[in-house]
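Just entry-v7.tsv here, TSV, C-alpha atoms and all ligand atoms:
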```
chain	number	residue	atom	x	y	z
M	18	MET	CA	155.51	88.18	15.21
M	19	GLY	CA	158.77	86.34	16.00
M	20	GLU	CA	160.27	89.49	17.49
M	21	ALA	CA	157.85	89.44	20.41
M	22	LYS	CA	158.75	85.90	21.38
M	23	GLU	CA	161.16	85.32	24.22
M	24	LYS	CA	164.56	83.78	23.46
M	25	LEU	CA	165.51	80.37	24.84
M	26	LEU	CA	169.19	80.84	23.99
M	27	GLY	CA	171.05	82.11	27.06
M	28	LYS	CA	168.83	80.30	29.57
M	29	THR	CA	170.26	77.82	32.04
M	30	PRO	CA	168.52	74.48	32.78
M	31	ALA	CA	167.07	76.03	35.97
M	32	GLU	CA	165.52	78.84	33.93
M	33	LEU	CA	164.34	76.39	31.29
M	34	ARG	CA	162.62	74.39	34.06
M	35	ASP	CA	160.57	77.50	34.85
M	36	VAL	CA	159.66	77.78	31.16
M	37	CYS	CA	158.64	74.11	31.11
M	38	GLU	CA	156.55	74.52	34.21
M	39	ALA	CA	154.77	77.59	32.83
M	40	GLU	CA	154.10	75.80	29.52
M	41	GLY	CA	152.89	72.56	31.11
M	42	LEU	CA	155.94	70.51	30.02
M	43	LYS	CA	157.57	67.88	32.21
M	44	PRO	CA	160.53	69.32	34.23
M	45	PHE	CA	163.01	66.93	32.57
M	46	ALA	CA	162.23	68.61	29.22
M	47	ALA	CA	164.45	71.47	30.45
M	48	LYS	CA	167.51	69.25	30.10
M	49	GLN	CA	166.43	68.16	26.64
M	50	ILE	CA	165.96	71.77	25.54
M	51	ALA	CA	169.39	72.77	26.93
M	52	HIS	CA	170.90	69.86	24.99
M	53	TRP	CA	169.23	71.02	21.78
M	54	LEU	CA	170.32	74.63	22.31
M	55	TYR	CA	173.96	74.12	23.28
M	56	VAL	CA	175.04	70.63	22.19
M	57	LYS	CA	172.98	69.97	19.08
M	58	ARG	CA	172.88	73.67	18.28
M	59	ALA	CA	169.29	73.72	17.09
M	60	THR	CA	168.14	76.90	15.39
M	61	GLU	CA	164.40	76.15	15.56
M	62	ILE	CA	162.17	74.67	18.27
M	63	SER	CA	160.72	72.34	15.62
M	64	GLU	CA	164.12	70.56	15.49
M	65	MET	CA	163.76	69.40	19.12
M	66	THR	CA	162.28	66.09	18.05
M	67	ASP	CA	162.50	64.28	21.38
M	68	LEU	CA	159.90	66.69	22.75
M	69	PRO	CA	156.32	65.70	21.89
M	70	LYS	CA	155.02	67.56	18.85
M	71	ALA	CA	152.32	69.24	20.93
M	72	ALA	CA	154.94	70.48	23.39
M	73	ARG	CA	157.06	71.93	20.56
M	74	GLU	CA	154.04	73.70	19.13
M	75	ARG	CA	153.08	75.06	22.51
M	76	LEU	CA	156.61	76.29	23.19
M	77	SER	CA	156.80	77.91	19.75
M	78	GLN	CA	153.83	80.11	20.49
M	79	ARG	CA	155.73	82.09	23.14
M	80	TYR	CA	159.40	81.29	22.56
M	81	ARG	CA	162.01	81.18	19.83
M	82	VAL	CA	165.52	79.74	19.90
M	83	GLY	CA	167.09	83.17	19.38
M	84	ARG	CA	169.92	82.24	17.03
M	85	GLU	CA	170.81	85.12	14.71
M	86	ALA	CA	173.26	84.83	11.83
M	87	PRO	CA	175.74	87.67	11.26
M	88	VAL	CA	174.23	90.44	9.15
M	89	ALA	CA	177.56	91.27	7.49
M	90	GLU	CA	181.03	89.82	7.19
M	91	THR	CA	184.43	91.30	6.24
M	92	ARG	CA	187.54	89.21	5.69
M	93	SER	CA	191.11	90.40	6.16
M	94	MET	CA	194.08	89.58	3.94
M	95	ASP	CA	195.47	87.61	6.91
M	96	GLY	CA	192.36	85.41	7.25
M	97	THR	CA	190.86	87.33	10.19
M	98	ALA	CA	187.09	87.68	9.77
M	99	LYS	CA	184.87	90.33	11.31
M	100	TYR	CA	181.16	89.57	11.77
M	101	LEU	CA	178.43	92.07	12.49
M	102	PHE	CA	175.57	90.93	14.74
M	103	PRO	CA	172.39	92.66	15.84
M	104	GLY	CA	173.25	94.41	19.09
M	105	ALA	CA	171.38	96.70	21.44
M	106	GLY	CA	170.22	100.29	21.25
M	107	GLY	CA	170.44	100.33	17.45
M	108	LEU	CA	174.18	99.63	17.39
M	109	GLU	CA	175.28	96.37	15.87
M	110	VAL	CA	178.17	94.57	17.56
M	111	GLU	CA	181.20	92.88	16.13
M	112	ALA	CA	182.84	89.52	16.74
M	113	VAL	CA	186.25	88.80	15.25
M	114	MET	CA	187.54	85.35	14.33
M	115	ILE	CA	191.33	85.11	14.30
M	116	PRO	CA	192.84	81.97	12.75
M	117	ASP	CA	196.38	81.14	13.83
M	118	LYS	CA	197.89	77.78	12.76
M	119	GLU	CA	195.76	75.18	14.53
M	120	ARG	CA	193.98	77.77	16.69
M	121	ALA	CA	190.82	79.71	15.88
M	122	THR	CA	190.05	82.39	18.44
M	123	LEU	CA	186.77	84.27	18.57
M	124	CYS	CA	186.84	87.73	20.11
M	125	VAL	CA	183.29	88.38	21.37
M	126	SER	CA	181.49	91.58	22.36
M	127	SER	CA	179.65	91.94	25.64
M	128	GLN	CA	178.12	95.39	25.15
M	129	ALA	CA	177.02	97.60	22.26
M	130	GLY	CA	179.43	100.50	22.69
M	131	CYS	CA	181.07	101.15	26.05
M	132	LYS	CA	180.83	103.61	28.95
M	133	MET	CA	184.48	103.57	29.92
M	134	GLY	CA	185.71	106.27	27.56
M	135	CYS	CA	189.27	105.06	26.96
M	136	ARG	CA	190.65	107.75	24.68
M	137	PHE	CA	192.44	105.45	22.27
M	138	CYS	CA	189.46	103.16	21.57
M	139	MET	CA	186.87	103.46	18.79
M	140	THR	CA	184.28	101.56	20.82
M	141	GLY	CA	184.67	104.03	23.69
M	142	ARG	CA	184.16	106.91	21.26
M	143	GLN	CA	180.68	105.68	20.47
M	144	GLY	CA	179.35	105.84	23.98
M	145	PHE	CA	177.13	103.19	25.47
M	146	HIS	CA	174.15	101.75	23.60
M	147	GLY	CA	173.20	98.74	25.71
M	148	ASN	CA	174.19	95.47	27.32
M	149	LEU	CA	174.09	92.16	25.49
M	150	ASP	CA	172.31	89.39	27.33
M	151	ALA	CA	173.95	85.97	27.74
M	152	GLY	CA	172.03	84.65	24.72
M	153	ALA	CA	173.42	87.40	22.46
M	154	ILE	CA	176.96	86.61	23.66
M	155	ILE	CA	176.53	82.86	23.13
M	156	ASN	CA	174.91	83.54	19.76
M	157	GLN	CA	178.20	85.03	18.51
M	158	VAL	CA	179.98	81.78	19.42
M	159	LEU	CA	177.34	79.52	17.84
M	160	SER	CA	176.55	81.57	14.75
M	161	VAL	CA	179.91	82.44	13.19
M	162	PRO	CA	180.61	80.15	10.23
M	163	GLU	CA	183.72	78.76	11.98
M	164	SER	CA	181.79	77.93	15.16
M	165	GLU	CA	182.67	74.23	15.15
M	166	GLU	CA	186.38	74.95	14.69
M	167	LEU	CA	186.79	77.52	17.47
M	168	THR	CA	189.49	76.66	19.99
M	169	ASN	CA	189.51	79.82	22.13
M	170	ILE	CA	187.20	82.65	23.15
M	171	VAL	CA	188.33	86.04	24.34
M	172	PHE	CA	185.99	88.65	25.79
M	173	MET	CA	187.92	91.46	24.13
M	174	GLY	CA	185.42	92.80	21.64
M	175	MET	CA	183.13	95.76	22.21
M	176	GLY	CA	182.32	96.65	25.81
M	177	GLU	CA	183.81	96.19	29.26
M	178	PRO	CA	182.84	92.70	30.52
M	179	THR	CA	182.79	93.69	34.21
M	180	ASP	CA	180.23	96.39	33.37
M	181	ASN	CA	177.81	93.67	32.20
M	182	LEU	CA	178.97	91.05	34.63
M	183	SER	CA	175.84	89.00	35.24
M	184	ALA	CA	175.43	88.32	31.49
M	185	VAL	CA	179.15	87.58	31.10
M	186	LEU	CA	179.18	85.18	34.08
M	187	LYS	CA	176.12	83.43	32.70
M	188	ALA	CA	177.68	83.17	29.23
M	189	ILE	CA	180.82	81.65	30.83
M	190	GLU	CA	178.62	79.18	32.72
M	191	ILE	CA	176.91	78.13	29.47
M	192	LEU	CA	180.27	77.85	27.68
M	193	THR	CA	181.83	75.67	30.39
M	194	ALA	CA	178.95	73.63	31.89
M	195	PRO	CA	178.63	69.93	30.96
M	196	TRP	CA	175.03	70.65	29.90
M	197	GLY	CA	176.29	73.63	27.84
M	198	LEU	CA	179.16	73.78	25.38
M	199	GLY	CA	181.41	71.89	27.81
M	200	TRP	CA	184.51	73.98	27.14
M	201	SER	CA	187.44	74.09	29.54
M	202	PRO	CA	187.74	77.53	31.17
M	203	LYS	CA	191.37	77.42	30.06
M	204	ARG	CA	190.13	78.16	26.56
M	205	ILE	CA	188.44	81.39	27.67
M	206	THR	CA	190.00	84.76	28.51
M	207	VAL	CA	188.18	87.78	29.89
M	208	SER	CA	189.84	91.11	29.25
M	209	THR	CA	189.02	93.96	31.63
M	210	ILE	CA	190.18	97.45	32.43
M	211	GLY	CA	189.96	96.43	36.06
M	212	ASN	CA	186.70	97.37	37.74
M	213	LEU	CA	187.77	95.93	41.11
M	214	PRO	CA	184.52	94.42	42.43
M	215	GLY	CA	183.80	92.91	39.00
M	216	LEU	CA	187.31	91.57	38.67
M	217	GLN	CA	187.09	90.01	42.11
M	218	ARG	CA	183.87	88.21	41.19
M	219	LEU	CA	185.43	86.93	37.98
M	220	LEU	CA	188.36	85.61	39.99
M	221	GLU	CA	186.15	83.99	42.62
M	222	GLU	CA	183.34	82.65	40.46
M	223	THR	CA	185.18	81.46	37.34
M	224	LYS	CA	188.44	79.79	36.38
M	225	VAL	CA	188.92	81.67	33.12
M	226	HIS	CA	192.16	83.42	32.21
M	227	ILE	CA	192.29	87.12	33.00
M	228	ALA	CA	193.77	89.94	30.91
M	229	VAL	CA	194.01	93.44	32.40
M	230	SER	CA	194.53	96.56	30.28
M	231	ILE	CA	197.33	98.50	31.93
M	232	HIS	CA	198.87	100.71	29.18
M	233	SER	CA	200.91	102.78	31.65
M	234	PRO	CA	202.48	102.04	35.03
M	235	PHE	CA	202.13	105.71	36.04
M	236	SER	CA	198.81	106.68	37.58
M	237	ASP	CA	198.48	110.21	36.12
M	238	GLU	CA	199.41	109.03	32.69
M	239	ARG	CA	197.07	106.04	32.84
M	240	ALA	CA	194.25	108.31	34.04
M	241	GLY	CA	194.83	110.50	30.98
M	242	LEU	CA	194.33	107.49	28.74
M	243	MET	CA	191.75	105.59	30.76
M	244	PRO	CA	189.43	107.55	33.08
M	245	VAL	CA	188.81	104.32	35.06
M	246	GLU	CA	192.22	104.76	36.72
M	247	ARG	CA	190.68	107.42	38.98
M	248	ALA	CA	188.14	104.95	40.37
M	249	TRP	CA	190.22	101.77	40.25
M	250	PRO	CA	193.96	102.50	40.14
M	251	ALA	CA	196.24	99.92	38.53
M	252	LYS	CA	198.11	99.58	41.82
M	253	LYS	CA	194.94	98.40	43.60
M	254	ILE	CA	194.18	95.99	40.76
M	255	VAL	CA	197.63	94.44	41.03
M	256	ASP	CA	197.33	94.28	44.85
M	257	LEU	CA	194.11	92.27	44.40
M	258	LEU	CA	195.68	90.02	41.77
M	259	ARG	CA	198.58	89.16	44.09
M	260	ASN	CA	196.11	87.18	46.23
M	261	TYR	CA	195.42	84.70	43.43
M	262	ASP	CA	197.48	81.90	41.92
M	263	PHE	CA	198.26	82.44	38.27
M	264	ALA	CA	201.19	80.07	38.09
M	265	HIS	CA	199.17	76.89	37.60
M	266	GLN	CA	195.55	76.62	36.46
M	267	ARG	CA	194.88	80.06	35.05
M	268	ARG	CA	196.85	82.75	33.32
M	269	LEU	CA	197.16	86.47	34.00
M	270	SER	CA	198.15	88.80	31.18
M	271	MET	CA	198.69	92.53	31.19
M	272	GLU	CA	197.76	94.25	27.95
M	273	TYR	CA	200.03	97.14	27.10
M	274	ILE	CA	199.37	99.17	23.94
M	275	MET	CA	202.52	101.02	22.91
M	276	TRP	CA	202.46	104.62	21.69
M	277	ARG	CA	205.48	106.39	20.31
M	278	GLY	CA	206.88	108.90	22.78
M	279	ILE	CA	204.07	108.31	25.30
M	280	ASN	CA	204.72	105.00	27.05
M	281	ASP	CA	207.44	103.25	25.03
M	282	ASP	CA	210.65	104.14	26.92
M	283	LEU	CA	212.62	101.97	29.29
M	284	ARG	CA	211.56	104.06	32.30
M	285	HIS	CA	208.05	102.74	31.66
M	286	ALA	CA	209.32	99.16	31.29
M	287	GLU	CA	211.13	99.39	34.62
M	288	ALA	CA	208.13	100.94	36.41
M	289	LEU	CA	205.89	98.25	34.92
M	290	ALA	CA	208.19	95.51	36.19
M	291	ARG	CA	208.10	97.11	39.68
M	292	LEU	CA	204.30	97.36	39.55
M	293	LEU	CA	203.96	93.69	38.63
M	294	LYS	CA	206.43	92.39	41.19
M	295	GLY	CA	205.03	89.43	43.10
M	296	THR	CA	202.48	88.51	40.42
M	297	ASP	CA	202.82	85.83	37.75
M	298	ALA	CA	201.61	88.24	35.09
M	299	ARG	CA	202.97	88.10	31.60
M	300	VAL	CA	202.86	91.22	29.45
M	301	ASN	CA	201.43	91.43	25.94
M	302	LEU	CA	202.86	94.39	24.05
M	303	ILE	CA	200.37	95.56	21.44
M	304	ARG	CA	201.05	97.78	18.50
M	305	PHE	CA	198.64	100.72	18.41
M	306	HIS	CA	196.24	100.98	15.47
M	307	ARG	CA	195.59	104.56	14.61
M	308	ILE	CA	192.12	105.94	15.17
M	309	PRO	CA	190.93	109.45	14.29
M	310	ASP	CA	191.46	112.32	16.79
M	311	PHE	CA	193.94	110.56	19.04
M	312	GLU	CA	197.35	112.19	19.08
M	313	GLY	CA	199.38	109.03	19.78
M	314	GLY	CA	201.05	107.09	17.01
M	315	PRO	CA	202.27	103.50	17.07
M	316	ALA	CA	205.61	102.81	18.76
M	317	GLU	CA	208.42	101.75	16.50
M	318	GLN	CA	209.33	98.08	16.30
M	319	GLU	CA	212.85	98.62	17.77
M	320	ARG	CA	211.36	100.45	20.77
M	321	MET	CA	208.91	97.62	21.31
M	322	GLU	CA	211.68	95.06	21.14
M	323	ALA	CA	213.87	97.02	23.57
M	324	PHE	CA	210.88	97.36	25.92
M	325	ARG	CA	210.19	93.64	25.70
M	326	ASP	CA	213.84	92.76	26.29
M	327	ARG	CA	214.07	95.01	29.35
M	328	LEU	CA	210.94	93.44	30.87
M	329	ASN	CA	212.29	89.95	30.19
M	330	ALA	CA	215.64	90.92	31.76
M	331	LEU	CA	213.75	92.11	34.83
M	332	GLY	CA	212.01	88.74	35.14
M	333	VAL	CA	208.67	89.67	33.54
M	334	THR	CA	207.72	87.51	30.56
M	335	ALA	CA	206.80	89.85	27.74
M	336	THR	CA	205.91	89.23	24.10
M	337	ILE	CA	204.99	91.45	21.20
M	338	ARG	CA	201.59	90.40	20.03
M	339	ALA	CA	201.14	89.97	16.28
M	340	SER	CA	198.67	92.43	14.86
M	341	ARG	CA	195.72	90.89	13.07
M	342	GLY	CA	192.87	92.25	11.01
M	343	GLU	CA	194.03	95.87	10.87
M	344	ASP	CA	192.97	96.21	7.21
M	345	ILE	CA	189.34	95.51	8.14
M	346	ALA	CA	189.39	97.58	11.37
M	347	ALA	CA	189.16	94.39	13.42
M	348	ALA	CA	192.34	94.87	15.46
M	349	CYS	CA	192.46	95.85	19.13
M	350	GLY	CA	190.65	99.10	19.89
M	351	MET	CA	189.25	99.44	16.36
M	352	LEU	CA	185.84	97.80	16.76
M	353	ALA	CA	183.09	100.27	16.17
M	354	GLY	CA	180.02	98.29	15.12
M	355	LYS	CA	177.69	99.97	12.76
M	356	ASP	CA	174.88	102.20	13.78
M	357	LYS	CA	171.70	101.09	12.06
M	358	GLY	CA	171.28	104.70	11.04
M	359	GLU	CA	174.54	104.60	9.08
M	360	GLU	CA	174.42	103.95	5.40
M	361	GLN	CA	175.61	100.53	4.32
M	362	GLN	CA	178.88	100.84	2.38
H	1	LIG	S1	189.22	99.85	25.64
H	1	LIG	FE1	187.60	98.48	26.39
H	1	LIG	S2	186.88	99.48	28.27
H	1	LIG	FE2	188.03	101.04	27.14
H	1	LIG	S3	186.46	102.14	25.94
H	1	LIG	FE3	187.30	100.47	24.63
H	1	LIG	S4	185.88	98.77	24.93
H	1	LIG	FE4	185.56	100.19	26.62
```
Now that the file is in, can you turn its structure into structure tokens?
Ligand code: SF4
Amino acid sequence: MGEAKEKLLGKTPAELRDVCEAEGLKPFAAKQIAHWLYVKRATEISEMTDLPKAARERLSQRYRVGREAPVAETRSMDGTAKYLFPGAGGLEVEAVMIPDKERATLCVSSQAGCKMGCRFCMTGRQGFHGNLDAGAIINQVLSVPESEELTNIVFMGMGEPTDNLSAVLKAIEILTAPWGLGWSPKRITVSTIGNLPGLQRLLEETKVHIAVSIHSPFSDERAGLMPVERAWPAKKIVDLLRNYDFAHQRRLSMEYIMWRGINDDLRHAEALARLLKGTDARVNLIRFHRIPDFEGGPAEQERMEAFRDRLNALGVTATIRASRGEDIAAACGMLAGKDKGEEQQ
């Protein structure tokens, strides 16, 4: 009856103290359990050998560690690997590991599906199936085969992180705390479409890098691609970002997917440079990966280069991001998970 047991993974030492208290364990056992979960990476309570045997047995009656291995794995020609994890609401979620010279970046999911409805995104097409808790986010980091080699984490998988903010903030705390994985926040990037209150909390409560999906500097056009523009216009997002320092400790990137004939001309580059004036944002230009029933096609390489060069000439650092994992549908905007109702292929 393991399913009925509560997970320990995703709990902070304060929450583990409550568990210890309820189970009659000494309060300091909370620190030991956190150490086993996040430093020693235990997968079973029985491994926590500095807890008395009776305490382990008692804990095991109501709790489990909560580590879950990927249920499927696909590997790209370029070394990118896509892992499928149990998600929420019957939809499995995907994490993508992207090797790049001495870096290994894991792109994690924060929700099963997404409510935001961006028209160019496969995840958005699926609607929303549920939030991942902090344990399910951390599980992706600990349970991919390359876990020990990871150098960077990006919250760019399925879901909008600011729409599941409490779990994302808690996962960041576990990733960065000395009692947790002890990572520098400089190794973590959260990508958002710019829900303003959520973005503000991320800016105030963490030191992670921020990436904002812009995709068009023109409000009407952006609203046609991303309904969120009507609630939180890009201009307001940039106004908020101007209040923060991105020149030193943390980095601000603007994600800009390029579609042929939609947003790839120099008029857009110039408007984007005007929009970003006064920020230290750099721009990542991303080649679009076709998805069904979206009219836009990928911009041509020469147009992307001209766009990049114009931004650079206007004082905005811009780079064309290399596309990874397209052959296994692991590239930006392609993550779709797998509904448990779907047939395995
Ligand atoms: S691009 Fe991001 S926010 Fe938009 S639908 Fe896809 S997952 Fe959601």
All residues within 7 Å of ligand LIG 1 (chain H) are required, counting only C-alpha atoms and all ligand atoms; please report them as a short mmCIF file (atom, residue, chain, number, x, y, z; two decimals) with C-alpha atoms, in the frame of the given file.
```cif
data_model
loop_
_atom_site.label_atom_id
_atom_site.label_comp_id
_atom_site.auth_asym_id
_atom_site.auth_seq_id
_atom_site.Cartn_x
_atom_site.Cartn_y
_atom_site.Cartn_z
CA CYS M 131 181.07 101.15 26.05
CA LYS M 132 180.83 103.61 28.95
CA MET M 133 184.48 103.57 29.92
CA GLY M 134 185.71 106.27 27.56
CA CYS M 135 189.27 105.06 26.96
CA CYS M 138 189.46 103.16 21.57
CA MET M 139 186.87 103.46 18.79
CA THR M 140 184.28 101.56 20.82
CA GLY M 141 184.67 104.03 23.69
CA GLY M 174 185.42 92.80 21.64
CA MET M 175 183.13 95.76 22.21
CA GLY M 176 182.32 96.65 25.81
CA GLU M 177 183.81 96.19 29.26
CA THR M 209 189.02 93.96 31.63
CA ILE M 210 190.18 97.45 32.43
CA MET M 243 191.75 105.59 30.76
CA GLY M 350 190.65 99.10 19.89
#
```
Neighbours of Gln78 of chain M within 8 Å (all atoms listed in the file; same-chain residues fewer than 3 positions away dropped), as a list in words?
-> Lys22, Glu74 and Arg75 of chain M
Atoms kept (C-alpha atoms) for selection, written as a PDB file, in the frame of the given file:
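Output saved as result_35.pdb:
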```pdb
ATOM      1  CA  LYS M  22     158.750  85.900  21.380  1.00  0.00           C
ATOM      2  CA  GLU M  74     154.040  73.700  19.130  1.00  0.00           C
ATOM      3  CA  ARG M  75     153.080  75.060  22.510  1.00  0.00           C
TER       4      ARG M  75
END
```
Got a sec: who's within 10 Å of Ala339 of chain M, counting only C-alpha atoms, leaving out chain neighbours fewer than 3 positions off, as a ChimeraX atom specification?
-> /M:301-304,336
Contacts of segment 84-99 of chain M at 8 Å (all atoms listed in the file; same-chain gap of 5+ positions) as number ranges by chain | M: 26, 60, 111-116, 156, 159-161, 341-345, 347
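Selection around (198.9, 100.4, 43.1) with radius 10 Å, counting all atoms listed in the file, yields the residues Pro234, Phe235, Ser236, Trp249, Pro250, Ala251, Lys252, Lys253, Ile254, Val255, Asp256, Leu257, Leu292 and Leu293 of chain M.
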Tell me which protein, DNA and RNA residues are within 12 Å of Ile205 of chain M, counting all atoms listed in the file, leaving out same-chain ones fewer than 4 positions away, and put them as a PyMOL selection string.
-> chain M and resi 122-125+158+167-173+185-186+188-190+192-193+199-201+223-228+267-269
Find the axis-aligned box for segment 228-237 of chain M, covering all its listed atoms and adding 6 Å on each side, and write its centre and edge lengths in Å to one decimal as JSON.
```
{"center_x": 198.1, "center_y": 100.1, "center_z": 33.4, "size_x": 20.7, "size_y": 32.3, "size_z": 20.4}
```
Pairwise distance for atom CA of Arg291 of chain M and atom CA of Phe324 of chain M, rounded to one decimal in Å =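 Computing the Euclidean distance for atom CA of Arg291 of chain M and atom CA of Phe324 of chain M yields 14.0 Å.
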In Å to one decimal, how far is atom CA of Ala59 of chain M from atom CA of Ala71 of chain M?
->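 Interatomic distance, atom CA of Ala71 of chain M to atom CA of Ala59 of chain M: 18.0 Å.
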Point-to-point distance from atom CA of Lys187 of chain M to atom CA of Thr296 of chain M, Å rounded to tenths =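 Between atom CA of Lys187 of chain M and atom CA of Thr296 of chain M the gap is 27.9 Å.
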